[in-house]
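**Student:** One structure coming up, written as structure tokens, with questions to follow.
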Amino acid sequence: MGLKIERRVERVNGKDLSYTQFVQQYLVQNQPVILTGLMEDWRACKDWILEDGKPNLQFFSTHFGNSKVQVADCGARECMEQKRLEMSVSEFIEKWVQLSSSRESISNEVSDDKSLLYLKDWHFVKEYPEYCAYRTPLFFCDDWLNMYLDKYDMHTDPDSYQKENEISCSDYRFVYMGPKGTWTPLHADVFRSYSWSANICGKKQWFFLSPSQHHLVFDRYMTNAVYNIFEDVSETKFPGFKEAIWWECTQEQNEIIFVPSGWYHQVHNQEDTISINHNWFNAYNLSWVWDILLTDYKQARDLIEDIKEICDDFEGLCQRNLAANTGMNFRDFLVFMMRFAFANLFQFHHLGRSGKNPLFWSSQIAQHIVFNLQSIQSIALKMKSVGVCTHHAFSLKPSKILEDHSFMELFTTLKKNYGMMHGPFEIVYEEKMGLCSDMDAIFCDFTNPSIGSSEDLVQLIDFAFEKLGFVASKSLPSRKTRYNLEEQLMCRD
């Protein structure tokens, strides 16, 4: 059954785009794009490839050979994923070299290879922080997920966090390596996050399906999805598959592809390939994260509904299962949003306080921060409407948050990123002293001493917007003239 390929992914020179243009054309529209011209100064593009453009496998064995990594067997399926093996980088490289020698000696076609191994999800940045292989492009710097995981564990409940649990990742920045013919089955990314993938060497072919058509690759019950779009897909089991309209592109060496939220995709390495991949999310796709959390929560609850009457802590069990299967639960997500709400509130007040920057209130950075806070508030309202309490409530006290060294680092990183994205604003203050005075100015009249629920978070942001408008002696834009939040959050193909 042939695919209906009717769209090609756009290719754009990244040097010709501003951050704001990228946001409006691709983040807000949730559209894929290939970006060129952004990898010229990367160390990985020098160390990791040979003069003929092929992977420098010996370099990896010599410098990183002892690392333990996850390797997918592209010829073996386990449920909806490829079978995973664990081995050292040196062992993986040895098998790759053996495969290459075999292909050269007997002129094998890739289709004759019984088992192709593909190194995936190598947490290279976390394992080798001093080796600066690349620099995250400006367009992807507003990465709340990895920014947060550099300072905090995702799981706030110790019962949900297991060091050996792969889903409890330390970050979502990966290196992928595989010979010609390796591939990744059809899937949508973890948390329905954005992702970007940079080809250090080699060539990848991508097949995309927009969110509006994802139901066409599922069965009638929306339970099971197509595993491989090039298999003989059963029309009985997947009756809509033949109607799906696909996007396609070939990603060359030194090109970066942006994968939007909720787009199912299947990827094939057409040459020996090394790539760097990040999953990430921010205010523009926060609603996607909540949607998948809610969907997975309902499934987790339904699976154990029959033990509800005999379970002492049924909701707690549902949340633990959600954390184990999805990567976080409601409480983890709420605490995540709380910390980013505080960080953005302090940024907002700091940058425009006392009217020292009269142009601040109409600047792109001010609009960005307001949008972030409105997005957080919108999701908190949705969480409140579900009516499920976050298990083992966690609270943040405005009076104590500045004593958290990790929060101060998060705040500083966020400030740096805003400067890169929108240009620096002149700020004159002593960091800790300035933040303390900001906290007092914002929260001195707030009646709730701690923030422990989605309702608290909604009230905090409403209160802070009004208070900040008063402190700065400026009127914040009205709710009607601020960023049209729902239009931007829900703008899906």
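Letters A, B, ... go to the chains of the structure tokens in the order shown; residues in each chain start at 1; ligands are counted from 1 in the same order.
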When DSSP is applied to the backbone of this structure, which of range 127-366 of chain A are assigned helix (DSSP H, G or I)? Write them out as a PyMOL selection string.
**Tutor:** chain A and resi 127+138-140+144-149+158-160+190-192+211-217+241-243+286-303+305-310+314-326+330-355+360-362+364-366
**Student:** Do you know which residues are at most 7 Å from Ser395 in chain A counting only C-alpha atoms, after dropping those on the same chain fewer than 3 positions away, and could you put them as a PyMOL selection string?
**Tutor:** chain A and resi 450-452
**Student:** If we count only C-alpha atoms, what is near Val97 in chain A at a cut-off of 9 Å, once residues fewer than 5 positions away on the same chain are taken out, given as a PyMOL selection string?
**Tutor:** chain A and resi 57+92+102
**Student:** From a DSSP pass on the backbone, collect the residues of range 154-289 of chain A flagged as strand (DSSP E or B) and hand them back as a PyMOL selection string.
**Tutor:** chain A and resi 173-178+183-187+194-201+204-209+218+225+245-251+255-259+264-269+273-280
**Student:** I'd like the neighbourhood of range 274-282 of chain A as a tab-separated table (two decimals) with N, CA, C and O atoms, in the first residue's frame, where a residue qualifies if any of its atoms comes within 7 Å (using only C-alpha atoms), though same-chain residues fewer than 6 positions away should be ignored.
**Tutor:**
```tsv
chain	number	residue	atom	x	y	z
A	142	ASP	N	14.50	28.31	24.55
A	142	ASP	CA	13.42	28.45	25.54
A	142	ASP	C	12.90	27.05	25.90
A	142	ASP	O	11.72	26.74	25.74
A	143	ASP	N	13.81	26.26	26.41
A	143	ASP	CA	13.60	24.83	26.66
A	143	ASP	C	13.35	24.62	28.15
A	143	ASP	O	14.28	24.40	28.92
A	144	TRP	N	12.09	24.70	28.56
A	144	TRP	CA	11.77	24.58	29.98
A	144	TRP	C	12.10	23.19	30.52
A	144	TRP	O	12.49	23.05	31.68
A	145	LEU	N	11.92	22.18	29.71
A	145	LEU	CA	12.09	20.80	30.19
A	145	LEU	C	13.52	20.54	30.64
A	145	LEU	O	13.76	20.13	31.78
A	146	ASN	N	14.49	20.77	29.77
A	146	ASN	CA	15.88	20.50	30.13
A	146	ASN	C	16.45	21.54	31.08
A	146	ASN	O	17.31	21.22	31.91
A	172	TYR	N	16.56	15.30	28.55
A	172	TYR	CA	16.04	14.82	27.27
A	172	TYR	C	16.89	15.38	26.13
A	172	TYR	O	16.38	15.91	25.14
A	173	ARG	N	18.20	15.24	26.30
A	173	ARG	CA	19.18	15.63	25.27
A	173	ARG	C	19.96	14.37	24.93
A	173	ARG	O	20.62	13.78	25.79
A	174	PHE	N	19.89	13.96	23.67
A	174	PHE	CA	20.39	12.64	23.29
A	174	PHE	C	21.33	12.69	22.08
A	174	PHE	O	21.24	13.58	21.25
A	175	VAL	N	22.16	11.66	22.00
A	175	VAL	CA	22.90	11.34	20.78
A	175	VAL	C	22.35	10.04	20.23
A	175	VAL	O	22.10	9.09	20.99
A	176	TYR	N	22.13	10.00	18.91
A	176	TYR	CA	21.71	8.79	18.19
A	176	TYR	C	22.81	8.44	17.18
A	176	TYR	O	23.35	9.33	16.53
A	177	MET	N	23.09	7.14	17.03
A	177	MET	CA	24.10	6.68	16.07
A	177	MET	C	23.64	5.35	15.46
A	177	MET	O	23.25	4.44	16.20
A	178	GLY	N	23.71	5.26	14.14
A	178	GLY	CA	23.33	4.00	13.53
A	178	GLY	C	23.78	3.88	12.09
A	178	GLY	O	23.90	4.88	11.38
A	193	SER	N	6.04	16.58	23.30
A	193	SER	CA	6.95	17.72	23.27
A	193	SER	C	7.31	18.09	21.84
A	193	SER	O	7.04	17.35	20.89
A	194	TYR	N	7.93	19.27	21.69
A	194	TYR	CA	8.66	19.55	20.48
A	194	TYR	C	9.93	18.70	20.50
A	194	TYR	O	10.37	18.22	21.54
A	195	SER	N	10.55	18.55	19.33
A	195	SER	CA	11.92	18.02	19.30
A	195	SER	C	12.68	18.67	18.16
A	195	SER	O	12.08	19.23	17.24
A	196	TRP	N	13.99	18.65	18.28
A	196	TRP	CA	14.83	19.04	17.16
A	196	TRP	C	15.93	18.00	17.02
A	196	TRP	O	16.38	17.41	18.00
A	197	SER	N	16.32	17.76	15.79
A	197	SER	CA	17.32	16.73	15.50
A	197	SER	C	18.31	17.28	14.48
A	197	SER	O	17.92	17.74	13.41
A	198	ALA	N	19.59	17.25	14.86
A	198	ALA	CA	20.66	17.80	14.02
A	198	ALA	C	21.50	16.66	13.47
A	198	ALA	O	22.03	15.85	14.24
A	199	ASN	N	21.65	16.60	12.16
A	199	ASN	CA	22.47	15.56	11.53
A	199	ASN	C	23.95	15.99	11.53
A	199	ASN	O	24.33	16.90	10.79
A	200	ILE	N	24.75	15.31	12.33
A	200	ILE	CA	26.19	15.55	12.32
A	200	ILE	C	26.79	14.96	11.05
A	200	ILE	O	27.66	15.55	10.41
A	201	CYS	N	26.35	13.77	10.71
A	201	CYS	CA	26.73	13.17	9.42
A	201	CYS	C	25.63	12.22	8.99
A	201	CYS	O	24.80	11.80	9.79
A	202	GLY	N	25.62	11.90	7.71
A	202	GLY	CA	24.62	10.98	7.20
A	202	GLY	C	23.38	11.68	6.67
A	202	GLY	O	23.35	12.90	6.48
```
**Student:** Smallest atom-to-atom distance to Lys237 in chain A: which of A:Thr182, A:Ser105, A:Thr223, A:Ser287, using only C-alpha atoms?
**Tutor:** A:Thr223
**Student:** Excluding Glu127 in chain A and any residue of its chain fewer than 6 positions from it, enumerate the residues within 12 Å of it, using only C-alpha atoms, and give them as an NGL selection string.
**Tutor:** :A and (64 or 66-69 or 170-171 or 173-175)
**Student:** When you look at Phe238 in chain A with a cut-off of 7 Å (counting only C-alpha atoms), what residues show up, excluding the ones that are within fewer than 6 positions of it in the same chain? I need them as a PDB file with all heavy atoms, in the first residue's frame.
**Tutor:**
```pdb
ATOM      1  N   VAL A 217      -4.054   6.426  11.833  1.00  0.00           N
ATOM      2  CA  VAL A 217      -3.068   5.352  12.009  1.00  0.00           C
ATOM      3  C   VAL A 217      -3.359   4.527  13.256  1.00  0.00           C
ATOM      4  O   VAL A 217      -2.541   3.703  13.669  1.00  0.00           O
ATOM      5  CB  VAL A 217      -1.629   5.905  12.056  1.00  0.00           C
ATOM      6  CG1 VAL A 217      -1.255   6.521  10.729  1.00  0.00           C
ATOM      7  CG2 VAL A 217      -1.439   6.905  13.195  1.00  0.00           C
ATOM      8  N   PHE A 218      -4.556   4.715  13.846  1.00  0.00           N
ATOM      9  CA  PHE A 218      -4.983   3.926  15.000  1.00  0.00           C
ATOM     10  C   PHE A 218      -6.095   2.968  14.606  1.00  0.00           C
ATOM     11  O   PHE A 218      -6.760   3.151  13.575  1.00  0.00           O
ATOM     12  CB  PHE A 218      -5.482   4.845  16.119  1.00  0.00           C
ATOM     13  CG  PHE A 218      -4.381   5.388  16.991  1.00  0.00           C
ATOM     14  CD1 PHE A 218      -3.637   6.483  16.567  1.00  0.00           C
ATOM     15  CD2 PHE A 218      -4.073   4.811  18.214  1.00  0.00           C
ATOM     16  CE1 PHE A 218      -2.615   6.991  17.353  1.00  0.00           C
ATOM     17  CE2 PHE A 218      -3.058   5.310  19.007  1.00  0.00           C
ATOM     18  CZ  PHE A 218      -2.319   6.400  18.584  1.00  0.00           C
ATOM     19  N   ASP A 219      -6.294   1.969  15.457  1.00  0.00           N
ATOM     20  CA  ASP A 219      -7.409   1.055  15.230  1.00  0.00           C
ATOM     21  C   ASP A 219      -8.721   1.738  15.622  1.00  0.00           C
ATOM     22  O   ASP A 219      -8.744   2.905  16.033  1.00  0.00           O
ATOM     23  CB  ASP A 219      -7.207  -0.255  16.000  1.00  0.00           C
ATOM     24  CG  ASP A 219      -7.108  -0.060  17.508  1.00  0.00           C
ATOM     25  OD1 ASP A 219      -7.528   1.002  18.008  1.00  0.00           O
ATOM     26  OD2 ASP A 219      -6.592  -0.967  18.195  1.00  0.00           O
TER      27      ASP A 219
END
```
**Student:** Between CA of Leu3 in chain A and CA of Asp232 in chain A, measure the distance and give it in Å to one decimal.
**Tutor:** 11.7 Å
**Student:** I'd like the interatomic distance between CA of Thr20 in chain A and CA of His368 in chain A, to a tenth of an Å.
**Tutor:**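 So the two atoms, CA of Thr20 in chain A and CA of His368 in chain A, lie 10.0 Å apart.
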